[in-house]
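Colleague: Below is final_31.cif; it holds mmCIF, C-alpha atoms and all ligand atoms.
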```cif
data_coords
#
loop_
_atom_site.group_PDB
_atom_site.id
_atom_site.type_symbol
_atom_site.label_atom_id
_atom_site.label_comp_id
_atom_site.auth_asym_id
_atom_site.auth_seq_id
_atom_site.Cartn_x
_atom_site.Cartn_y
_atom_site.Cartn_z
ATOM 1 C CA MET R 1 -97.619 -73.179 -58.706
ATOM 2 C CA ASP R 2 -99.995 -71.961 -56.039
ATOM 3 C CA VAL R 3 -98.947 -74.152 -53.127
ATOM 4 C CA LYS R 4 -98.832 -72.603 -49.644
ATOM 5 C CA GLU R 5 -98.412 -75.711 -47.487
ATOM 6 C CA ILE R 6 -96.471 -78.921 -48.090
ATOM 7 C CA VAL R 7 -96.309 -82.068 -45.983
ATOM 8 C CA PHE R 8 -92.792 -83.514 -46.021
ATOM 9 C CA ALA R 9 -92.919 -87.284 -45.506
ATOM 10 C CA SER R 10 -89.651 -87.586 -43.584
ATOM 11 C CA ARG R 11 -88.596 -88.056 -39.962
ATOM 12 C CA ASN R 12 -85.011 -87.028 -40.639
ATOM 13 C CA LYS R 13 -84.463 -83.730 -38.756
ATOM 14 C CA GLY R 14 -81.589 -82.685 -41.031
ATOM 15 C CA LYS R 15 -83.686 -83.135 -44.173
ATOM 16 C CA ILE R 16 -86.721 -81.435 -42.577
ATOM 17 C CA ALA R 17 -84.616 -78.368 -41.700
ATOM 18 C CA GLU R 18 -83.145 -78.311 -45.228
ATOM 19 C CA VAL R 19 -86.540 -78.511 -46.971
ATOM 20 C CA SER R 20 -88.156 -75.965 -44.618
ATOM 21 C CA ALA R 21 -85.308 -73.491 -45.223
ATOM 22 C CA LEU R 22 -85.508 -73.974 -48.986
ATOM 23 C CA LEU R 23 -89.286 -73.441 -49.163
ATOM 24 C CA ALA R 24 -89.715 -70.664 -46.564
ATOM 25 C CA PRO R 25 -88.544 -67.900 -48.981
ATOM 26 C CA LEU R 26 -91.280 -69.057 -51.395
ATOM 27 C CA GLY R 27 -93.915 -68.516 -48.705
ATOM 28 C CA ILE R 28 -94.496 -72.273 -48.369
ATOM 29 C CA SER R 29 -94.774 -73.761 -44.877
ATOM 30 C CA VAL R 30 -93.674 -77.331 -44.220
ATOM 31 C CA GLN R 31 -95.194 -79.861 -41.847
ATOM 32 C CA SER R 32 -93.174 -83.042 -41.427
ATOM 33 C CA ALA R 33 -93.999 -86.683 -40.715
ATOM 34 C CA LEU R 34 -92.655 -85.955 -37.209
ATOM 35 C CA ASP R 35 -95.033 -83.011 -36.645
ATOM 36 C CA LEU R 36 -98.010 -85.023 -37.897
ATOM 37 C CA ASP R 37 -96.881 -88.404 -36.536
ATOM 38 C CA LEU R 38 -97.355 -90.072 -39.908
ATOM 39 C CA PRO R 39 -96.710 -93.828 -40.130
ATOM 40 C CA ASP R 40 -93.588 -95.220 -41.806
ATOM 41 C CA VAL R 41 -94.111 -96.613 -45.304
ATOM 42 C CA GLU R 42 -92.429 -99.788 -46.513
ATOM 43 C CA GLU R 43 -90.061 -99.036 -49.382
ATOM 44 C CA THR R 44 -91.097 -101.838 -51.727
ATOM 45 C CA GLY R 45 -90.342 -99.997 -54.991
ATOM 46 C CA LYS R 46 -87.644 -101.031 -57.461
ATOM 47 C CA THR R 47 -86.650 -97.464 -58.333
ATOM 48 C CA PHE R 48 -85.973 -94.290 -56.351
ATOM 49 C CA GLU R 49 -89.036 -92.718 -57.976
ATOM 50 C CA GLU R 50 -91.330 -95.622 -57.032
ATOM 51 C CA ASN R 51 -90.250 -95.412 -53.376
ATOM 52 C CA ALA R 52 -90.564 -91.623 -53.253
ATOM 53 C CA LYS R 53 -94.056 -91.924 -54.823
ATOM 54 C CA LEU R 54 -95.152 -94.525 -52.246
ATOM 55 C CA LYS R 55 -94.091 -92.235 -49.389
ATOM 56 C CA ALA R 56 -95.458 -89.032 -50.930
ATOM 57 C CA PHE R 57 -98.892 -90.474 -51.805
ATOM 58 C CA SER R 58 -99.239 -92.138 -48.402
ATOM 59 C CA ALA R 59 -98.720 -88.742 -46.709
ATOM 60 C CA CYS R 60 -100.887 -86.961 -49.284
ATOM 61 C CA ASN R 61 -103.795 -89.393 -48.870
ATOM 62 C CA LEU R 62 -103.624 -89.266 -45.057
ATOM 63 C CA THR R 63 -103.552 -85.457 -44.859
ATOM 64 C CA GLY R 64 -105.379 -84.346 -48.020
ATOM 65 C CA LYS R 65 -102.502 -81.917 -48.685
ATOM 66 C CA PRO R 66 -99.700 -81.815 -51.284
ATOM 67 C CA ALA R 67 -96.917 -84.033 -49.951
ATOM 68 C CA LEU R 68 -93.235 -84.328 -50.744
ATOM 69 C CA ALA R 69 -90.989 -87.365 -50.233
ATOM 70 C CA ASP R 70 -87.489 -88.314 -51.252
ATOM 71 C CA ASP R 71 -85.509 -91.456 -51.880
ATOM 72 C CA SER R 72 -81.797 -91.674 -52.515
ATOM 73 C CA GLY R 73 -78.845 -94.001 -52.720
ATOM 74 C CA LEU R 74 -75.500 -94.920 -54.183
ATOM 75 C CA CYS R 75 -75.216 -96.682 -57.566
ATOM 76 C CA VAL R 76 -71.930 -98.408 -58.431
ATOM 77 C CA LYS R 77 -71.186 -99.251 -62.058
ATOM 78 C CA ALA R 78 -69.074 -102.369 -61.345
ATOM 79 C CA LEU R 79 -72.056 -103.729 -59.353
ATOM 80 C CA ASN R 80 -74.598 -102.963 -62.096
ATOM 81 C CA GLY R 81 -76.070 -100.065 -60.129
ATOM 82 C CA ALA R 82 -76.159 -101.735 -56.695
ATOM 83 C CA PRO R 83 -76.771 -101.022 -53.869
ATOM 84 C CA GLY R 84 -79.153 -98.386 -55.399
ATOM 85 C CA VAL R 85 -82.554 -98.395 -53.692
ATOM 86 C CA TYR R 86 -81.164 -100.896 -51.171
ATOM 87 C CA SER R 87 -78.358 -98.553 -50.009
ATOM 88 C CA ALA R 88 -79.610 -98.270 -46.406
ATOM 89 C CA ARG R 89 -80.431 -102.005 -46.091
ATOM 90 C CA TYR R 90 -77.159 -103.071 -47.783
ATOM 91 C CA ALA R 91 -75.093 -102.130 -44.703
ATOM 92 C CA PRO R 92 -75.032 -105.089 -42.249
ATOM 93 C CA GLU R 93 -76.852 -104.030 -39.037
ATOM 94 C CA ARG R 94 -77.162 -100.574 -40.669
ATOM 95 C CA ASP R 95 -73.495 -100.068 -39.788
ATOM 96 C CA PHE R 96 -71.963 -98.070 -42.652
ATOM 97 C CA ALA R 97 -68.370 -98.971 -41.688
ATOM 98 C CA LYS R 98 -69.436 -102.570 -42.423
ATOM 99 C CA GLY R 99 -71.427 -101.472 -45.452
ATOM 100 C CA MET R 100 -68.373 -99.748 -46.938
ATOM 101 C CA GLN R 101 -66.156 -102.813 -46.400
ATOM 102 C CA LYS R 102 -68.868 -104.971 -48.022
ATOM 103 C CA LEU R 103 -68.978 -102.590 -50.988
ATOM 104 C CA LEU R 104 -65.183 -102.630 -51.429
ATOM 105 C CA ALA R 105 -65.143 -106.451 -51.257
ATOM 106 C CA GLU R 106 -67.935 -106.764 -53.830
ATOM 107 C CA ILE R 107 -66.216 -104.373 -56.236
ATOM 108 C CA GLU R 108 -62.975 -106.367 -55.811
ATOM 109 C CA ASN R 109 -64.863 -109.644 -56.424
ATOM 110 C CA SER R 110 -66.602 -108.245 -59.498
ATOM 111 C CA GLY R 111 -63.230 -108.303 -61.273
ATOM 112 C CA SER R 112 -64.009 -104.862 -62.739
ATOM 113 C CA LYS R 113 -61.445 -102.061 -62.540
ATOM 114 C CA ASP R 114 -64.220 -99.491 -63.134
ATOM 115 C CA ARG R 115 -64.728 -97.432 -59.935
ATOM 116 C CA ALA R 116 -67.426 -95.125 -61.397
ATOM 117 C CA ALA R 117 -70.420 -94.445 -59.152
ATOM 118 C CA TYR R 118 -73.116 -91.854 -58.570
ATOM 119 C CA PHE R 119 -75.440 -90.712 -55.828
ATOM 120 C CA ALA R 120 -79.037 -90.197 -56.939
ATOM 121 C CA CYS R 121 -81.956 -88.497 -55.225
ATOM 122 C CA VAL R 122 -85.542 -88.367 -56.453
ATOM 123 C CA LEU R 123 -88.075 -86.015 -54.887
ATOM 124 C CA VAL R 124 -91.756 -86.622 -55.601
ATOM 125 C CA LEU R 125 -94.447 -84.011 -54.948
ATOM 126 C CA ALA R 126 -97.857 -85.727 -54.808
ATOM 127 C CA PHE R 127 -101.172 -83.883 -55.144
ATOM 128 C CA PRO R 128 -104.591 -84.824 -53.711
ATOM 129 C CA ASP R 129 -105.977 -85.173 -57.280
ATOM 130 C CA GLY R 130 -103.592 -88.101 -57.873
ATOM 131 C CA SER R 131 -101.126 -86.202 -60.058
ATOM 132 C CA PHE R 132 -97.451 -85.881 -59.175
ATOM 133 C CA GLN R 133 -94.185 -84.250 -60.219
ATOM 134 C CA SER R 134 -90.786 -85.789 -59.822
ATOM 135 C CA PHE R 135 -87.339 -84.157 -59.674
ATOM 136 C CA GLU R 136 -84.059 -86.022 -59.975
ATOM 137 C CA GLY R 137 -80.615 -84.944 -58.851
ATOM 138 C CA ARG R 138 -77.450 -86.881 -59.490
ATOM 139 C CA VAL R 139 -73.772 -86.441 -58.703
ATOM 140 C CA ASP R 140 -71.170 -88.513 -60.539
ATOM 141 C CA GLY R 141 -67.883 -89.627 -59.055
ATOM 142 C CA HIS R 142 -65.898 -92.703 -58.110
ATOM 143 C CA ILE R 143 -65.357 -95.093 -55.217
ATOM 144 C CA ASP R 144 -62.059 -94.644 -53.382
ATOM 145 C CA ASP R 145 -59.796 -97.598 -52.457
ATOM 146 C CA GLN R 146 -60.459 -97.097 -48.727
ATOM 147 C CA PRO R 147 -62.765 -94.887 -46.606
ATOM 148 C CA HIS R 148 -61.329 -91.423 -45.936
ATOM 149 C CA GLY R 149 -62.599 -88.602 -43.709
ATOM 150 C CA THR R 150 -65.014 -88.202 -40.824
ATOM 151 C CA GLY R 151 -67.662 -85.790 -42.153
ATOM 152 C CA GLY R 152 -71.018 -86.541 -43.772
ATOM 153 C CA PHE R 153 -72.850 -89.839 -43.302
ATOM 154 C CA GLY R 154 -73.509 -93.196 -44.973
ATOM 155 C CA TYR R 155 -71.127 -93.909 -47.863
ATOM 156 C CA ASP R 156 -69.567 -90.411 -47.901
ATOM 157 C CA PRO R 157 -66.066 -91.624 -46.826
ATOM 158 C CA LEU R 158 -65.845 -93.716 -50.025
ATOM 159 C CA PHE R 159 -67.303 -91.286 -52.563
ATOM 160 C CA VAL R 160 -65.079 -88.859 -54.482
ATOM 161 C CA PRO R 161 -67.208 -86.444 -56.534
ATOM 162 C CA GLU R 162 -66.113 -85.663 -60.076
ATOM 163 C CA GLY R 163 -63.468 -82.932 -60.298
ATOM 164 C CA GLN R 164 -62.286 -83.514 -56.687
ATOM 165 C CA ASN R 165 -59.582 -85.699 -55.165
ATOM 166 C CA GLN R 166 -61.104 -86.023 -51.703
ATOM 167 C CA THR R 167 -64.189 -87.869 -50.499
ATOM 168 C CA TYR R 168 -67.451 -86.230 -49.442
ATOM 169 C CA ALA R 169 -66.416 -87.051 -45.850
ATOM 170 C CA GLU R 170 -63.238 -84.953 -46.301
ATOM 171 C CA LEU R 171 -64.727 -82.069 -48.303
ATOM 172 C CA SER R 172 -66.643 -79.348 -46.428
ATOM 173 C CA ALA R 173 -70.309 -79.758 -45.591
ATOM 174 C CA ALA R 174 -70.898 -76.440 -47.403
ATOM 175 C CA TYR R 175 -69.418 -77.890 -50.615
ATOM 176 C CA LYS R 176 -71.491 -81.065 -50.331
ATOM 177 C CA ASN R 177 -74.699 -79.184 -49.537
ATOM 178 C CA LYS R 178 -74.290 -77.046 -52.658
ATOM 179 C CA THR R 179 -73.394 -79.808 -55.118
ATOM 180 C CA SER R 180 -75.027 -82.989 -53.820
ATOM 181 C CA HIS R 181 -77.672 -85.107 -55.530
ATOM 182 C CA ARG R 182 -80.176 -83.848 -52.928
ATOM 183 C CA ALA R 183 -79.256 -80.195 -53.545
ATOM 184 C CA ARG R 184 -79.684 -80.677 -57.303
ATOM 185 C CA ALA R 185 -83.107 -82.340 -56.924
ATOM 186 C CA MET R 186 -84.183 -79.584 -54.528
ATOM 187 C CA GLU R 187 -83.101 -76.865 -56.953
ATOM 188 C CA LYS R 188 -85.392 -78.425 -59.584
ATOM 189 C CA LEU R 189 -88.270 -78.575 -57.075
ATOM 190 C CA LYS R 190 -87.719 -74.925 -56.186
ATOM 191 C CA THR R 191 -87.729 -73.870 -59.848
ATOM 192 C CA TYR R 192 -91.011 -75.750 -60.358
ATOM 193 C CA LEU R 193 -92.655 -74.175 -57.279
ATOM 194 C CA GLN R 194 -91.550 -70.696 -58.350
ATOM 195 C CA LYS R 195 -93.348 -70.934 -61.695
HETATM 196 P P1 LIG F 201 -82.741 -92.377 -47.745
HETATM 197 O O1 LIG F 201 -83.085 -91.794 -49.068
HETATM 198 O O2 LIG F 201 -82.694 -91.376 -46.645
HETATM 199 O O3 LIG F 201 -83.549 -93.620 -47.438
HETATM 200 O O4 LIG F 201 -81.221 -92.852 -47.870
HETATM 201 C C1 LIG F 201 -80.866 -94.045 -48.476
HETATM 202 C C2 LIG F 201 -79.445 -94.449 -48.166
HETATM 203 O O5 LIG F 201 -78.611 -94.002 -49.254
HETATM 204 C C3 LIG F 201 -78.810 -93.834 -46.933
HETATM 205 O O6 LIG F 201 -79.042 -94.609 -45.787
HETATM 206 C C4 LIG F 201 -77.337 -93.891 -47.298
HETATM 207 O O7 LIG F 201 -76.876 -95.193 -47.120
HETATM 208 C C5 LIG F 201 -77.343 -93.642 -48.785
HETATM 209 N N1 LIG F 201 -77.163 -92.213 -49.081
HETATM 210 C C6 LIG F 201 -78.077 -91.358 -49.607
HETATM 211 N N2 LIG F 201 -77.562 -90.118 -49.726
HETATM 212 C C7 LIG F 201 -76.300 -90.193 -49.255
HETATM 213 C C8 LIG F 201 -75.265 -89.205 -49.103
HETATM 214 O O8 LIG F 201 -75.398 -88.017 -49.405
HETATM 215 N N3 LIG F 201 -74.115 -89.660 -48.573
HETATM 216 C C9 LIG F 201 -73.911 -90.944 -48.200
HETATM 217 N N4 LIG F 201 -74.840 -91.889 -48.316
HETATM 218 C C10 LIG F 201 -76.029 -91.523 -48.833
#
```
Output the structure of this file as structure tokens.
Modeller:
Amino acid sequence: MDVKEIVFASRNKGKIAEVSALLAPLGISVQSALDLDLPDVEETGKTFEENAKLKAFSACNLTGKPALADDSGLCVKALNGAPGVYSARYAPERDFAKGMQKLLAEIENSGSKDRAAYFACVLVLAFPDGSFQSFEGRVDGHIDDQPHGTGGFGYDPLFVPEGQNQTYAELSAAYKNKTSHRARAMEKLKTYLQK
């Protein structure tokens, strides 16, 4: 893949640093939505891929350059995959302490004893010719009875990844950054760009 420059359609400084660090060794420079002051895009899609495509093509069409965007969220089996693409909006007033209590109450009310859940991340790389590539990463686990730990963000204090007995908010950031849904999607992107 002969790509030397990618626009990353995100304003999240943590994600921008992560993507820049991942692509620098491949000789690819990254300009972000912050650098270019790109407008926010409404996430009207019903899937992670649809939302990532909306964001990536908006940035691609505005800049004329290949553009990358991501979308991610938490899918809970007892809630038929919710909150999914609505993960950010699901938390009342975007307060994740409230969002986690809401999630625990809804699982309780569902009557299901199944605590299985996964985090998913889809990255879409959009090209000026209208083509695109998408890369999905997923990490399976379960929802704990109560929030535990102070690390991470969002729903991390409730999510116990498979093979562990602590939540992502208790496990080290290094562990999460190596094994997360985002890390797995990024690995696939990197493999594609190295071809
Ligand atoms: P976005 O893809 O940045 O829009 O994130 C969507 C939402 O999914 C976030 O606001 C969080 O609620 C949730 N989410 C995505 N990834 C994670 C994670 O690694 N830990 C905890 N919550 C996450």
Colleague: Write out as a PyMOL selection string each polymer residue whose atoms come within 9 Å of segment 65-69 of chain R, counting only C-alpha atoms; drop sequence neighbours fewer than 4 positions from it.
Modeller: chain R and resi 3+5-10+51-61+122-128
Colleague: What are the closest atom pairs, with distances in Å to one decimal, for all residues of chain R lying within 9 Å of ligand LIG 201 (chain F)? Consider all atoms listed in the file, order rows by chain and residue number, and present the result as a Markdown table.
Modeller:
```
| residue | atom | partner | partner_atom | distance |
| --- | --- | --- | --- | --- |
| R:Ser10 | CA | F:LIG201 | O2 | 8.5 |
| R:Asn12 | CA | F:LIG201 | O2 | 7.8 |
| R:Lys15 | CA | F:LIG201 | O2 | 8.7 |
| R:Glu43 | CA | F:LIG201 | O3 | 8.7 |
| R:Phe48 | CA | F:LIG201 | O1 | 8.2 |
| R:Ala52 | CA | F:LIG201 | O1 | 8.6 |
| R:Asp70 | CA | F:LIG201 | O1 | 6.0 |
| R:Asp71 | CA | F:LIG201 | O1 | 3.7 |
| R:Ser72 | CA | F:LIG201 | O1 | 3.7 |
| R:Gly73 | CA | F:LIG201 | O5 | 3.5 |
| R:Leu74 | CA | F:LIG201 | C5 | 5.8 |
| R:Pro83 | CA | F:LIG201 | O5 | 8.6 |
| R:Gly84 | CA | F:LIG201 | O5 | 7.6 |
| R:Val85 | CA | F:LIG201 | C1 | 7.0 |
| R:Tyr86 | CA | F:LIG201 | C2 | 7.3 |
| R:Ser87 | CA | F:LIG201 | O5 | 4.6 |
| R:Ala88 | CA | F:LIG201 | O6 | 3.8 |
| R:Arg89 | CA | F:LIG201 | O6 | 7.5 |
| R:Tyr90 | CA | F:LIG201 | O7 | 7.9 |
| R:Ala91 | CA | F:LIG201 | O7 | 7.6 |
| R:Arg94 | CA | F:LIG201 | O6 | 8.1 |
| R:Phe96 | CA | F:LIG201 | O7 | 7.2 |
| R:Gly99 | CA | F:LIG201 | O7 | 8.5 |
| R:Phe119 | CA | F:LIG201 | N2 | 6.5 |
| R:Ala120 | CA | F:LIG201 | N2 | 7.4 |
| R:Cys121 | CA | F:LIG201 | O1 | 7.1 |
| R:Val122 | CA | F:LIG201 | O1 | 8.5 |
| R:Gly152 | CA | F:LIG201 | N3 | 6.5 |
| R:Phe153 | CA | F:LIG201 | C9 | 5.1 |
| R:Gly154 | CA | F:LIG201 | N4 | 3.8 |
| R:Tyr155 | CA | F:LIG201 | C9 | 4.1 |
| R:Asp156 | CA | F:LIG201 | C9 | 4.4 |
| R:Pro157 | CA | F:LIG201 | C9 | 8.0 |
| R:Leu158 | CA | F:LIG201 | C9 | 8.7 |
| R:Phe159 | CA | F:LIG201 | C9 | 7.9 |
| R:Tyr168 | CA | F:LIG201 | N3 | 7.5 |
| R:Ala169 | CA | F:LIG201 | N3 | 8.6 |
| R:Lys176 | CA | F:LIG201 | O8 | 8.0 |
| R:Asn177 | CA | F:LIG201 | O8 | 8.9 |
| R:Ser180 | CA | F:LIG201 | O8 | 6.7 |
| R:His181 | CA | F:LIG201 | O8 | 7.2 |
| R:Arg182 | CA | F:LIG201 | O8 | 7.3 |
```
Colleague: For the structure provided, state which residues fall under the PyMOL selection byres (((chain R and resi 189) around 9) and not hetatm), and present them as a ChimeraX atom specification.
Modeller: /R:123-125,133-135,184-188,190-194
Colleague: Write the selection just made, keeping C-alpha atoms, as a PDB file, in the frame of the given file?
Modeller:
```pdb
ATOM      1  CA  LEU R 123     -88.075 -86.015 -54.887  1.00  0.00           C
ATOM      2  CA  VAL R 124     -91.756 -86.622 -55.601  1.00  0.00           C
ATOM      3  CA  LEU R 125     -94.447 -84.011 -54.948  1.00  0.00           C
ATOM      4  CA  GLN R 133     -94.185 -84.250 -60.219  1.00  0.00           C
ATOM      5  CA  SER R 134     -90.786 -85.789 -59.822  1.00  0.00           C
ATOM      6  CA  PHE R 135     -87.339 -84.157 -59.674  1.00  0.00           C
ATOM      7  CA  ARG R 184     -79.684 -80.677 -57.303  1.00  0.00           C
ATOM      8  CA  ALA R 185     -83.107 -82.340 -56.924  1.00  0.00           C
ATOM      9  CA  MET R 186     -84.183 -79.584 -54.528  1.00  0.00           C
ATOM     10  CA  GLU R 187     -83.101 -76.865 -56.953  1.00  0.00           C
ATOM     11  CA  LYS R 188     -85.392 -78.425 -59.584  1.00  0.00           C
ATOM     12  CA  LYS R 190     -87.719 -74.925 -56.186  1.00  0.00           C
ATOM     13  CA  THR R 191     -87.729 -73.870 -59.848  1.00  0.00           C
ATOM     14  CA  TYR R 192     -91.011 -75.750 -60.358  1.00  0.00           C
ATOM     15  CA  LEU R 193     -92.655 -74.175 -57.279  1.00  0.00           C
ATOM     16  CA  GLN R 194     -91.550 -70.696 -58.350  1.00  0.00           C
TER      17      GLN R 194
END
```
Colleague: Taking the file as shown, find all residues satisfying the PyMOL selection byres (((chain R and resi 103) around 12) and not hetatm) and write them as a ChimeraX atom specification.
Modeller: /R:74-79,81-84,87,90-92,96-102,104-110,115,117,143-147,155,158-159
Colleague: Rounded to one decimal in Å, what is the spacing between atom CA of Glu162 of chain R and atom CA of Asp140 of chain R?
Modeller: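 These two atoms are separated by 5.8 Å.
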